[in-house]
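Structure below is work.cif: mmCIF, C-alpha atoms.
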```cif
data_run
loop_
_atom_site.label_atom_id
_atom_site.label_comp_id
_atom_site.auth_asym_id
_atom_site.auth_seq_id
_atom_site.Cartn_x
_atom_site.Cartn_y
_atom_site.Cartn_z
CA MET A 1 -60.40 -36.82 -186.83
CA SER A 2 -59.16 -33.25 -186.64
CA ASP A 3 -60.44 -30.25 -188.54
CA LYS A 4 -57.09 -29.87 -190.23
CA GLU A 5 -57.14 -33.28 -191.88
CA ILE A 6 -60.27 -32.55 -193.86
CA SER A 7 -60.33 -29.64 -196.23
CA GLN A 8 -62.86 -26.88 -195.78
CA ALA A 9 -64.34 -27.75 -199.17
CA VAL A 10 -65.22 -31.29 -198.07
CA ILE A 11 -66.73 -30.07 -194.81
CA ILE A 12 -68.99 -27.76 -196.77
CA ARG A 13 -70.16 -30.70 -198.86
CA LEU A 14 -70.89 -33.03 -195.93
CA PRO A 15 -74.20 -31.46 -194.85
CA ARG A 16 -75.26 -31.61 -198.48
CA TYR A 17 -74.53 -35.36 -198.64
CA PHE A 18 -76.46 -35.75 -195.43
CA ARG A 19 -79.44 -33.87 -196.86
CA TYR A 20 -79.51 -35.88 -200.10
CA LEU A 21 -79.14 -39.18 -198.29
CA GLY A 22 -82.04 -38.19 -196.01
CA GLU A 23 -84.17 -37.57 -199.10
CA LEU A 24 -83.17 -40.95 -200.52
CA ILE A 25 -84.28 -42.65 -197.30
CA ASP A 26 -87.61 -40.82 -197.51
CA GLU A 27 -87.98 -42.07 -201.07
CA GLY A 28 -87.35 -45.65 -199.98
CA TYR A 29 -83.85 -46.15 -201.41
CA GLU A 30 -81.71 -48.79 -199.70
CA ARG A 31 -78.61 -48.62 -201.86
CA ILE A 32 -77.20 -46.07 -204.26
CA SER A 33 -74.18 -46.07 -206.57
CA SER A 34 -71.72 -43.20 -206.56
CA LYS A 35 -72.82 -42.49 -210.13
CA GLU A 36 -76.49 -42.12 -209.23
CA LEU A 37 -75.75 -40.04 -206.14
CA SER A 38 -73.42 -37.79 -208.10
CA GLU A 39 -76.05 -37.19 -210.79
CA ARG A 40 -78.60 -36.13 -208.21
CA MET A 41 -76.13 -33.81 -206.56
CA HIS A 42 -74.73 -32.40 -209.82
CA ILE A 43 -71.17 -33.32 -208.98
CA THR A 44 -68.89 -35.97 -210.52
CA ALA A 45 -68.95 -39.62 -209.41
CA SER A 46 -65.22 -39.51 -208.72
CA GLN A 47 -65.79 -36.53 -206.44
CA VAL A 48 -68.38 -38.54 -204.50
CA ARG A 49 -66.04 -41.53 -204.16
CA GLN A 50 -63.10 -39.33 -203.18
CA ASP A 51 -65.12 -37.46 -200.53
CA LEU A 52 -66.66 -40.54 -198.99
CA ASN A 53 -63.36 -42.44 -198.99
CA LEU A 54 -61.98 -39.79 -196.67
CA PHE A 55 -64.27 -41.14 -193.99
CA GLY A 56 -63.27 -44.74 -194.38
CA GLY A 57 -65.16 -45.60 -197.55
CA PHE A 58 -68.58 -47.04 -196.90
CA GLY A 59 -69.11 -48.19 -200.47
CA GLN A 60 -68.57 -51.61 -201.98
CA GLN A 61 -67.59 -52.07 -205.61
CA GLY A 62 -70.50 -53.05 -207.82
CA TYR A 63 -72.85 -52.81 -204.89
CA GLY A 64 -72.99 -49.13 -204.04
CA TYR A 65 -73.55 -47.46 -200.74
CA ASN A 66 -75.98 -48.51 -198.07
CA VAL A 67 -78.01 -45.31 -197.88
CA LYS A 68 -79.10 -45.60 -194.26
CA GLU A 69 -75.62 -46.57 -193.02
CA LEU A 70 -73.96 -43.77 -194.94
CA HIS A 71 -76.53 -41.26 -193.67
CA GLU A 72 -75.89 -42.37 -190.13
CA GLU A 73 -72.11 -42.30 -190.51
CA ILE A 74 -72.09 -38.79 -191.96
CA GLY A 75 -74.51 -37.75 -189.23
CA LYS A 76 -72.01 -39.02 -186.65
CA ILE A 77 -69.14 -37.19 -188.32
CA LEU A 78 -71.24 -34.02 -188.19
CA GLY A 79 -71.92 -34.61 -184.50
CA LEU A 80 -75.64 -35.11 -185.11
CA ASP A 81 -75.76 -38.27 -183.00
CA ARG A 82 -75.32 -36.07 -179.94
CA LYS A 83 -77.61 -33.53 -178.32
CA HIS A 84 -76.74 -29.86 -178.29
CA ASN A 85 -78.30 -27.28 -176.02
CA LEU A 86 -78.93 -23.99 -177.78
CA ILE A 87 -80.03 -20.54 -176.80
CA ILE A 88 -81.21 -17.88 -179.21
CA ILE A 89 -80.29 -14.29 -178.42
CA GLY A 90 -82.67 -11.86 -180.09
CA ALA A 91 -86.42 -12.59 -180.16
CA GLY A 92 -87.15 -10.69 -183.38
CA ASN A 93 -88.55 -12.26 -186.53
CA LEU A 94 -85.33 -14.07 -187.38
CA GLY A 95 -84.90 -15.45 -183.86
CA GLN A 96 -88.51 -16.63 -183.92
CA ALA A 97 -88.10 -18.20 -187.36
CA LEU A 98 -85.13 -20.23 -186.14
CA ALA A 99 -86.83 -21.15 -182.86
CA ASN A 100 -89.86 -22.44 -184.73
CA TYR A 101 -87.91 -24.53 -187.17
CA MET A 102 -88.64 -28.01 -185.86
CA ASN A 103 -86.03 -29.76 -188.00
CA PHE A 104 -83.28 -28.42 -185.79
CA GLU A 105 -84.75 -30.33 -182.83
CA LYS A 106 -84.95 -33.44 -184.96
CA ARG A 107 -81.20 -33.16 -185.56
CA GLY A 108 -80.45 -32.87 -181.85
CA PHE A 109 -80.27 -29.09 -181.56
CA LEU A 110 -82.50 -28.39 -178.58
CA ILE A 111 -83.57 -24.81 -178.10
CA LYS A 112 -83.53 -24.27 -174.36
CA GLY A 113 -84.22 -20.57 -174.15
CA ILE A 114 -84.65 -17.30 -176.02
CA PHE A 115 -83.19 -14.04 -174.80
CA ASP A 116 -83.96 -10.47 -175.61
CA GLN A 117 -82.84 -7.09 -174.37
CA TYR A 118 -86.48 -6.13 -173.84
CA PRO A 119 -88.33 -9.34 -172.99
CA GLU A 120 -91.39 -7.39 -171.90
CA ARG A 121 -91.73 -5.93 -175.40
CA CYS A 122 -91.71 -9.35 -177.02
CA ASN A 123 -95.29 -10.20 -177.71
CA VAL A 124 -94.42 -13.65 -178.93
CA ASN A 125 -95.05 -17.19 -178.03
CA VAL A 126 -92.39 -19.43 -179.45
CA ARG A 127 -93.37 -23.00 -178.72
CA GLY A 128 -94.13 -22.13 -175.14
CA LEU A 129 -90.61 -20.90 -174.45
CA GLN A 130 -90.30 -17.96 -172.11
CA ILE A 131 -88.35 -14.95 -173.34
CA HIS A 132 -85.57 -14.28 -170.86
CA SER A 133 -83.94 -11.00 -169.99
CA MET A 134 -80.28 -10.56 -170.93
CA ASN A 135 -79.55 -10.19 -167.21
CA GLU A 136 -80.18 -13.90 -166.80
CA LEU A 137 -77.73 -14.91 -169.55
CA GLU A 138 -74.78 -16.12 -167.49
CA THR A 139 -76.85 -18.04 -164.95
CA PHE A 140 -78.99 -19.68 -167.60
CA ILE A 141 -75.98 -20.86 -169.62
CA ALA A 142 -74.41 -22.44 -166.56
CA ASP A 143 -77.64 -24.02 -165.27
CA ASN A 144 -78.65 -25.51 -168.62
CA ALA A 145 -75.28 -26.67 -169.98
CA ILE A 146 -75.64 -24.54 -173.11
CA ASP A 147 -73.19 -25.42 -175.91
CA ILE A 148 -74.26 -23.14 -178.72
CA ALA A 149 -75.57 -19.57 -178.83
CA VAL A 150 -77.41 -18.21 -181.85
CA LEU A 151 -77.02 -14.46 -182.33
CA THR A 152 -79.91 -12.75 -184.10
CA ILE A 153 -79.31 -9.27 -182.75
CA PRO A 154 -78.11 -6.06 -184.40
CA LYS A 155 -74.44 -5.53 -185.11
CA SER A 156 -74.15 -2.90 -182.39
CA ALA A 157 -74.99 -5.41 -179.62
CA ALA A 158 -73.27 -8.45 -181.10
CA LEU A 159 -69.68 -7.72 -180.11
CA GLU A 160 -70.42 -7.11 -176.44
CA THR A 161 -72.76 -10.11 -176.29
CA SER A 162 -70.15 -12.38 -177.88
CA LYS A 163 -67.66 -11.31 -175.18
CA ARG A 164 -70.16 -12.28 -172.48
CA LEU A 165 -70.73 -15.64 -174.17
CA VAL A 166 -67.00 -16.33 -174.40
CA ALA A 167 -66.60 -15.45 -170.72
CA CYS A 168 -69.31 -18.05 -169.94
CA GLY A 169 -67.32 -20.68 -171.78
CA ILE A 170 -69.74 -21.11 -174.68
CA GLY A 171 -68.31 -23.45 -177.33
CA ALA A 172 -69.89 -22.21 -180.53
CA ILE A 173 -71.71 -19.17 -181.88
CA TRP A 174 -74.04 -19.25 -184.87
CA ASN A 175 -73.77 -15.62 -185.85
CA PHE A 176 -76.44 -13.82 -187.90
CA ALA A 177 -75.29 -10.32 -186.88
CA HIS A 178 -73.67 -8.41 -189.73
CA VAL A 179 -70.29 -8.25 -188.15
CA ASP A 180 -67.30 -10.57 -187.82
CA LEU A 181 -66.92 -11.53 -184.17
CA ASP A 182 -63.57 -11.36 -182.45
CA VAL A 183 -63.42 -14.47 -180.27
CA PRO A 184 -60.61 -16.79 -179.08
CA GLU A 185 -59.54 -19.58 -181.43
CA ASN A 186 -61.19 -22.30 -179.37
CA VAL A 187 -64.65 -20.82 -179.89
CA VAL A 188 -66.25 -21.90 -183.16
CA VAL A 189 -68.09 -19.19 -185.05
CA GLU A 190 -70.26 -19.97 -188.03
CA ASN A 191 -71.44 -16.84 -189.80
CA VAL A 192 -74.61 -16.40 -191.79
CA HIS A 193 -74.11 -12.95 -193.27
CA LEU A 194 -77.37 -12.52 -195.16
CA SER A 195 -76.46 -9.20 -196.74
CA ASP A 196 -73.19 -10.68 -198.03
CA SER A 197 -75.21 -13.47 -199.61
CA LEU A 198 -77.61 -11.01 -201.25
CA MET A 199 -74.71 -8.98 -202.63
CA LYS A 200 -73.17 -12.12 -204.07
CA LEU A 201 -76.48 -12.86 -205.76
CA SER A 202 -76.56 -9.31 -207.10
CA TYR A 203 -73.04 -9.65 -208.48
CA ARG A 204 -73.80 -12.92 -210.24
CA PHE A 205 -77.12 -11.58 -211.53
CA HIS A 206 -75.38 -8.65 -213.25
CA CYS A 207 -72.63 -10.83 -214.68
CA MET A 208 -75.33 -13.07 -216.11
CA LYS A 209 -77.23 -10.12 -217.60
CA GLU A 210 -74.07 -8.85 -219.28
CA GLN A 211 -73.29 -12.29 -220.67
CA ASN A 212 -76.81 -12.60 -222.07
CA GLU A 213 -76.55 -9.15 -223.66
CA ASP A 214 -73.24 -10.12 -225.29
CA LEU A 215 -74.81 -13.11 -227.00
CA MET B 216 -66.21 -8.41 -216.59
CA SER B 217 -67.58 -11.92 -216.75
CA ASP B 218 -68.22 -14.29 -213.91
CA LYS B 219 -65.60 -16.64 -215.28
CA GLU B 220 -62.74 -14.16 -215.05
CA ILE B 221 -63.05 -13.74 -211.29
CA SER B 222 -62.68 -16.72 -209.06
CA GLN B 223 -65.48 -17.73 -206.74
CA ALA B 224 -63.22 -17.11 -203.76
CA VAL B 225 -62.75 -13.47 -204.67
CA ILE B 226 -66.46 -12.97 -205.25
CA ILE B 227 -67.14 -14.31 -201.78
CA ARG B 228 -64.72 -11.78 -200.35
CA LEU B 229 -66.13 -8.76 -202.18
CA PRO B 230 -69.21 -8.24 -199.99
CA ARG B 231 -66.92 -8.48 -196.99
CA TYR B 232 -64.66 -5.73 -198.35
CA PHE B 233 -67.78 -3.69 -199.00
CA ARG B 234 -68.97 -4.19 -195.43
CA TYR B 235 -65.63 -3.27 -193.85
CA LEU B 236 -65.24 -0.19 -196.05
CA GLY B 237 -68.75 0.90 -195.06
CA GLU B 238 -67.72 0.63 -191.42
CA LEU B 239 -64.57 2.66 -192.08
CA ILE B 240 -66.68 5.40 -193.68
CA ASP B 241 -68.94 5.42 -190.61
CA GLU B 242 -65.84 5.78 -188.44
CA GLY B 243 -64.67 8.78 -190.45
CA TYR B 244 -61.75 7.16 -192.29
CA GLU B 245 -60.79 8.79 -195.60
CA ARG B 246 -57.83 6.61 -196.55
CA ILE B 247 -56.58 3.22 -195.51
CA SER B 248 -53.47 1.22 -196.32
CA SER B 249 -53.70 -2.39 -197.48
CA LYS B 250 -51.89 -3.32 -194.27
CA GLU B 251 -54.43 -1.65 -192.00
CA LEU B 252 -57.38 -3.01 -193.95
CA SER B 253 -55.91 -6.51 -193.93
CA GLU B 254 -55.40 -6.41 -190.16
CA ARG B 255 -59.02 -5.46 -189.60
CA MET B 256 -60.21 -8.21 -191.90
CA HIS B 257 -57.81 -10.86 -190.58
CA ILE B 258 -56.34 -11.57 -194.01
CA THR B 259 -52.89 -10.78 -195.41
CA ALA B 260 -52.02 -7.42 -196.93
CA SER B 261 -50.84 -9.11 -200.11
CA GLN B 262 -54.25 -10.80 -200.36
CA VAL B 263 -55.94 -7.41 -200.13
CA ARG B 264 -53.68 -5.91 -202.81
CA GLN B 265 -54.11 -8.92 -205.07
CA ASP B 266 -57.91 -8.90 -204.73
CA LEU B 267 -58.31 -5.20 -205.28
CA ASN B 268 -55.87 -5.15 -208.20
CA LEU B 269 -58.23 -7.49 -210.02
CA PHE B 270 -60.65 -4.61 -210.33
CA GLY B 271 -58.19 -2.13 -211.71
CA GLY B 272 -56.27 -1.29 -208.54
CA PHE B 273 -57.64 1.73 -206.75
CA GLY B 274 -54.67 2.11 -204.40
CA GLN B 275 -51.66 4.34 -204.73
CA GLN B 276 -48.27 3.37 -203.34
CA GLY B 277 -47.50 5.04 -200.02
CA TYR B 278 -50.90 6.67 -200.01
CA GLY B 279 -53.35 3.86 -199.51
CA TYR B 280 -56.87 3.50 -200.74
CA ASN B 281 -59.47 6.21 -200.82
CA VAL B 282 -62.10 4.51 -198.65
CA LYS B 283 -65.17 6.17 -200.15
CA GLU B 284 -64.02 5.63 -203.75
CA LEU B 285 -63.15 2.01 -203.12
CA HIS B 286 -66.49 1.42 -201.36
CA GLU B 287 -68.32 2.92 -204.32
CA GLU B 288 -66.32 0.96 -206.88
CA ILE B 289 -66.90 -2.36 -205.15
CA GLY B 290 -70.56 -1.40 -204.79
CA LYS B 291 -70.73 -0.91 -208.54
CA ILE B 292 -69.03 -4.24 -209.20
CA LEU B 293 -71.62 -5.87 -206.94
CA GLY B 294 -74.40 -4.13 -208.85
CA LEU B 295 -75.44 -2.09 -205.81
CA ASP B 296 -75.56 1.16 -207.80
CA ARG B 297 -78.69 -0.17 -209.48
CA LYS B 298 -82.18 -0.80 -208.16
CA HIS B 299 -83.55 -4.32 -207.91
CA ASN B 300 -87.18 -5.18 -207.53
CA LEU B 301 -87.75 -8.10 -205.17
CA ILE B 302 -90.63 -10.23 -204.10
CA ILE B 303 -90.65 -12.51 -201.09
CA ILE B 304 -92.53 -15.79 -201.39
CA GLY B 305 -93.53 -17.09 -197.97
CA ALA B 306 -94.88 -14.71 -195.30
CA GLY B 307 -93.70 -16.76 -192.31
CA ASN B 308 -91.25 -15.52 -189.70
CA LEU B 309 -88.26 -15.74 -192.02
CA GLY B 310 -90.03 -13.92 -194.86
CA GLN B 311 -91.09 -11.22 -192.41
CA ALA B 312 -87.58 -10.94 -190.97
CA LEU B 313 -86.15 -10.36 -194.44
CA ALA B 314 -88.94 -7.95 -195.42
CA ASN B 315 -88.31 -5.87 -192.32
CA TYR B 316 -84.59 -5.65 -192.78
CA MET B 317 -84.25 -2.04 -193.90
CA ASN B 318 -80.60 -2.31 -194.95
CA PHE B 319 -81.62 -4.24 -198.03
CA GLU B 320 -83.61 -1.20 -199.25
CA LYS B 321 -80.62 1.02 -198.56
CA ARG B 322 -78.58 -1.17 -200.91
CA GLY B 323 -81.14 -0.87 -203.70
CA PHE B 324 -83.08 -4.08 -203.06
CA LEU B 325 -86.68 -2.87 -203.09
CA ILE B 326 -89.24 -5.26 -201.70
CA LYS B 327 -92.28 -4.81 -203.92
CA GLY B 328 -94.52 -7.56 -202.62
CA ILE B 329 -94.90 -10.56 -200.35
CA PHE B 330 -96.70 -13.71 -201.40
CA ASP B 331 -98.16 -16.57 -199.45
CA GLN B 332 -100.17 -19.65 -200.22
CA TYR B 333 -102.72 -18.61 -197.61
CA PRO B 334 -102.67 -14.80 -197.52
CA GLU B 335 -105.85 -14.71 -195.42
CA ARG B 336 -104.07 -16.64 -192.66
CA CYS B 337 -101.23 -14.16 -192.49
CA ASN B 338 -101.94 -11.89 -189.61
CA VAL B 339 -98.96 -9.72 -190.34
CA ASN B 340 -98.24 -6.19 -191.30
CA VAL B 341 -94.88 -5.93 -192.94
CA ARG B 342 -94.18 -2.27 -193.54
CA GLY B 343 -97.62 -1.76 -194.98
CA LEU B 344 -97.09 -4.31 -197.74
CA GLN B 345 -100.10 -6.35 -198.70
CA ILE B 346 -99.73 -10.14 -198.67
CA HIS B 347 -100.62 -11.41 -202.12
CA SER B 348 -102.07 -14.74 -203.08
CA MET B 349 -99.89 -17.11 -205.12
CA ASN B 350 -102.53 -16.84 -207.87
CA GLU B 351 -101.35 -13.31 -208.54
CA LEU B 352 -97.68 -14.28 -208.91
CA GLU B 353 -97.29 -14.18 -212.69
CA THR B 354 -99.23 -10.95 -213.19
CA PHE B 355 -97.44 -9.20 -210.35
CA ILE B 356 -93.98 -10.13 -211.64
CA ALA B 357 -94.79 -8.80 -215.09
CA ASP B 358 -96.47 -5.60 -213.86
CA ASN B 359 -93.72 -4.71 -211.39
CA ALA B 360 -90.60 -5.67 -213.36
CA ILE B 361 -89.46 -8.06 -210.64
CA ASP B 362 -85.81 -9.17 -210.96
CA ILE B 363 -85.30 -11.27 -207.86
CA ALA B 364 -87.52 -13.68 -205.93
CA VAL B 365 -86.76 -14.68 -202.35
CA LEU B 366 -88.01 -18.17 -201.45
CA THR B 367 -88.85 -18.65 -197.79
CA ILE B 368 -91.24 -21.55 -198.22
CA PRO B 369 -90.99 -25.23 -197.31
CA LYS B 370 -89.01 -27.59 -199.49
CA SER B 371 -92.18 -29.28 -200.75
CA ALA B 372 -93.44 -26.09 -202.43
CA ALA B 373 -90.07 -24.71 -203.55
CA LEU B 374 -89.51 -26.81 -206.67
CA GLU B 375 -92.88 -26.07 -208.24
CA THR B 376 -92.64 -22.38 -207.31
CA SER B 377 -89.17 -22.09 -208.83
CA LYS B 378 -90.54 -23.51 -212.10
CA ARG B 379 -93.26 -20.85 -212.14
CA LEU B 380 -90.64 -18.16 -211.48
CA VAL B 381 -88.43 -19.40 -214.29
CA ALA B 382 -91.40 -19.44 -216.66
CA CYS B 383 -92.01 -15.78 -215.75
CA GLY B 384 -88.45 -14.95 -216.74
CA ILE B 385 -87.20 -14.16 -213.24
CA GLY B 386 -83.44 -13.50 -213.25
CA ALA B 387 -82.39 -14.58 -209.79
CA ILE B 388 -83.65 -16.60 -206.85
CA TRP B 389 -82.45 -16.16 -203.28
CA ASN B 390 -83.32 -19.60 -201.98
CA PHE B 391 -83.89 -20.34 -198.29
CA ALA B 392 -85.79 -23.58 -198.92
CA HIS B 393 -83.84 -26.68 -197.89
CA VAL B 394 -83.54 -28.02 -201.38
CA ASP B 395 -81.29 -27.41 -204.38
CA LEU B 396 -83.38 -25.90 -207.15
CA ASP B 397 -83.20 -27.22 -210.68
CA VAL B 398 -83.27 -24.13 -212.90
CA PRO B 399 -81.77 -23.23 -216.30
CA GLU B 400 -78.19 -21.97 -216.33
CA ASN B 401 -79.17 -18.38 -217.03
CA VAL B 402 -81.09 -18.10 -213.76
CA VAL B 403 -78.88 -17.22 -210.81
CA VAL B 404 -79.61 -19.11 -207.60
CA GLU B 405 -77.99 -18.13 -204.33
CA ASN B 406 -78.72 -20.64 -201.58
CA VAL B 407 -78.91 -19.99 -197.87
CA HIS B 408 -79.21 -23.49 -196.49
CA LEU B 409 -79.51 -22.77 -192.78
CA SER B 410 -79.49 -26.38 -191.67
CA ASP B 411 -76.31 -27.02 -193.68
CA SER B 412 -74.73 -24.09 -191.89
CA LEU B 413 -75.78 -25.41 -188.48
CA MET B 414 -74.38 -28.86 -189.30
CA LYS B 415 -71.09 -27.30 -190.34
CA LEU B 416 -71.01 -25.50 -187.00
CA SER B 417 -71.74 -28.78 -185.24
CA TYR B 418 -68.91 -30.52 -187.10
CA ARG B 419 -66.40 -27.81 -186.26
CA PHE B 420 -67.60 -27.69 -182.64
CA HIS B 421 -66.90 -31.39 -182.16
CA CYS B 422 -63.52 -31.23 -183.86
CA MET B 423 -62.61 -28.39 -181.52
CA LYS B 424 -63.78 -30.32 -178.47
CA GLU B 425 -61.68 -33.33 -179.47
CA GLN B 426 -58.63 -31.14 -180.04
CA ASN B 427 -59.06 -29.54 -176.62
CA GLU B 428 -59.43 -32.94 -175.00
CA ASP B 429 -56.21 -34.09 -176.71
CA LEU B 430 -54.23 -31.22 -175.22
#
```
Output the structure of this file as structure tokens.
Amino acid sequence: MSDKEISQAVIIRLPRYFRYLGELIDEGYERISSKELSERMHITASQVRQDLNLFGGFGQQGYGYNVKELHEEIGKILGLDRKHNLIIIGAGNLGQALANYMNFEKRGFLIKGIFDQYPERCNVNVRGLQIHSMNELETFIADNAIDIAVLTIPKSAALETSKRLVACGIGAIWNFAHVDLDVPENVVVENVHLSDSLMKLSYRFHCMKEQNEDL
Amino acid sequence: MSDKEISQAVIIRLPRYFRYLGELIDEGYERISSKELSERMHITASQVRQDLNLFGGFGQQGYGYNVKELHEEIGKILGLDRKHNLIIIGAGNLGQALANYMNFEKRGFLIKGIFDQYPERCNVNVRGLQIHSMNELETFIADNAIDIAVLTIPKSAALETSKRLVACGIGAIWNFAHVDLDVPENVVVENVHLSDSLMKLSYRFHCMKEQNEDL
């Protein structure tokens, strides 16, 4: 199934379905109706049915969805049934936070190494992983079949580093640097621009304050 | 201007305009045409004109936009001309990373305090800020006129904590916990669901691989 066939809006919702279905499994649910799922997720039941039909429709009328099956199927669509080898570039607080987040491993994202410009300055122990020097980047990527690089470095270093990653044939970059990377079309970039998110919060906060004052 | 008058899509783009205009200022630009700006941002010039017209249109035909003025105006729309008092709840790596990110202060987001369930276990020094116990939460929010709370705590603690924040009259929550909060409509929640973002990357990565294999 190609990226183009599924709208961006549905893709954004898929991880959320996956998360809710995971919670349902933890709570012991075996089946769930589109109505019940939609109420939990604060979306409409027809939206749920429409989204899930796109992937072949796992539901049965009057019977609902098999929670475990649906969770597995969406996991497969998201590529979570496969293993991914990750490196994190930037051993600061954010890099460490991501490296220590065990749930990523559970989903098949295996952190193989952490890199920093000044490995000797990094007084950290992240799950026993050694902090590598940036000089080792190219060799390490080749030797460890790295698919995904996570960038938690300042903007100033991100552009040059992304060029090195592209030259190594890296497939995807999870970018936390506050800059839009300029990479070829066949390299997937997923941005987490935290300051953009905070500004959006600020905007909505002030709109809300003005609305409340108008009342 | 109310939230309802401006589409969500435009709001998402505003911080990006703000970021690019900030870079142009740093590079010494005084004016920029919609064409030039659009090329930098990889969107169409008509999109730029349409977006910026929504806010009163700061451009002049054949003259372009005054970069500094436009940056300031968008900053005002985003509420960045005001000061916001923040607290961070959760003194782990992610909480520390956010607390140490100086650019937030530059934009008027002042981190007044950091809270943790076990402050005595936190062997951290985040810019001289004391780590407070969760018992002090309500008093601290009232005494320091806190507007925004940042949640960097596990899912299991996030729901109860968000209820306490709402009861204190907090206006906005920047939520990094992997759960959708259930708060009243007048409380703004901006989610950063990192695992959702990583799954989206995974999905797009596999679509891209399949496309490349098809070629």
Determine, for each residue of chain A having at least one atom at most 7 Å from an atom of chain B, the closest pair of atoms and their separation in Å to one decimal, counting all atoms listed in the file; order by chain and ascending number, as CSV.
```
residue,atom,partner,partner_atom,distance
A:Ser2,CA,B:Cys422,CA,5.6
A:Asp3,CA,B:Cys422,CA,5.7
A:Ile11,CA,B:Lys415,CA,6.8
A:Ile12,CA,B:Lys415,CA,6.8
A:Pro15,CA,B:Asp411,CA,5.1
A:Arg16,CA,B:Asp411,CA,6.7
A:Ile77,CA,B:Tyr418,CA,6.8
A:Leu78,CA,B:Tyr418,CA,4.3
A:Gly79,CA,B:Tyr418,CA,5.7
A:Asn93,CA,B:Ala312,CA,4.7
A:Leu94,CA,B:Ala312,CA,5.3
A:Gln96,CA,B:Asn308,CA,6.5
A:Ala97,CA,B:Asn308,CA,4.8
A:Gly171,CA,B:Phe420,CA,6.8
A:Ala172,CA,B:Phe420,CA,6.3
A:Asn186,CA,B:Met423,CA,6.6
A:Val188,CA,B:Phe420,CA,6.0
A:Glu190,CA,B:Leu416,CA,5.7
A:Asp196,CA,B:Pro230,CA,5.1
A:Met199,CA,B:Pro230,CA,6.1
A:Lys200,CA,B:Ile227,CA,6.8
A:Leu201,CA,B:Glu405,CA,5.7
A:Ser202,CA,B:Gly294,CA,5.9
A:Tyr203,CA,B:Leu293,CA,4.3
A:Arg204,CA,B:Val403,CA,6.7
A:Phe205,CA,B:Val403,CA,6.0
A:His206,CA,B:Gly294,CA,6.4
A:Cys207,CA,B:Ser217,CA,5.6
A:Met208,CA,B:Asn401,CA,6.6
A:Gln211,CA,B:Ser217,CA,6.9
```
Please save C-alpha atoms of the selected residues as a tab-separated table (two decimals), in the frame of the given file.
```
chain	number	residue	atom	x	y	z
A	2	SER	CA	-59.16	-33.25	-186.64
A	3	ASP	CA	-60.44	-30.25	-188.54
A	11	ILE	CA	-66.73	-30.07	-194.81
A	12	ILE	CA	-68.99	-27.76	-196.77
A	15	PRO	CA	-74.20	-31.46	-194.85
A	16	ARG	CA	-75.26	-31.61	-198.48
A	77	ILE	CA	-69.14	-37.19	-188.32
A	78	LEU	CA	-71.24	-34.02	-188.19
A	79	GLY	CA	-71.92	-34.61	-184.50
A	93	ASN	CA	-88.55	-12.26	-186.53
A	94	LEU	CA	-85.33	-14.07	-187.38
A	96	GLN	CA	-88.51	-16.63	-183.92
A	97	ALA	CA	-88.10	-18.20	-187.36
A	171	GLY	CA	-68.31	-23.45	-177.33
A	172	ALA	CA	-69.89	-22.21	-180.53
A	186	ASN	CA	-61.19	-22.30	-179.37
A	188	VAL	CA	-66.25	-21.90	-183.16
A	190	GLU	CA	-70.26	-19.97	-188.03
A	196	ASP	CA	-73.19	-10.68	-198.03
A	199	MET	CA	-74.71	-8.98	-202.63
A	200	LYS	CA	-73.17	-12.12	-204.07
A	201	LEU	CA	-76.48	-12.86	-205.76
A	202	SER	CA	-76.56	-9.31	-207.10
A	203	TYR	CA	-73.04	-9.65	-208.48
A	204	ARG	CA	-73.80	-12.92	-210.24
A	205	PHE	CA	-77.12	-11.58	-211.53
A	206	HIS	CA	-75.38	-8.65	-213.25
A	207	CYS	CA	-72.63	-10.83	-214.68
A	208	MET	CA	-75.33	-13.07	-216.11
A	211	GLN	CA	-73.29	-12.29	-220.67
```
Notebook entry, point to check: When you draw a straight line from CA of Ile302 (chain B) to CA of Arg336 (chain B), how long is it in Å?
Noted result: 18.8 Å
Checklist line | Computed interatomic separation between CA of Asn85 (chain A) and CA of Ala167 (chain A) (Å) | finding: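 CA of Ala167 (chain A) lies at a distance of 17.5 Å from CA of Asn85 (chain A).
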Would you place a box with edges along x, y and z of the file around all atoms of region 227-244 of chain B listed there, add 5 Å to each of its six sides, and report the centre and edge lengths in Å to one decimal, as lines of an AutoDock Vina configuration file?
```
center_x = -65.5
center_y = -2.8
center_z = -195.3
size_x = 17.5
size_y = 33.1
size_z = 23.7
```
Notebook entry, point to check: So what do you get for CA of His286 (chain B) versus CA of Leu239 (chain B), distance-wise?
Noted result: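 Separating CA of His286 (chain B) from CA of Leu239 (chain B) is a distance of 9.6 Å.
If only C-alpha atoms are the atoms counted, then among A:Gln130, A:Asp81, A:Glu69, A:Gly169 the closest residue to Lys106 (chain A) is A:Asp81.
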Check: Hey, what comes out of the PyMOL selection byres ((chain B and resi 250) around 12) on this file? Could you write it as an NGL selection string?
Finding: :B and (246-249 or 251-264 or 274 or 276-280)
Margin query: Counting all atoms listed in the file, I want the residues whose atoms come within 12 Å of (-79.2, -12.5, -167.2) in the file frame, returned as number ranges by chain.
Written below: A: 89, 113-119, 131-143, 161, 164-165, 168
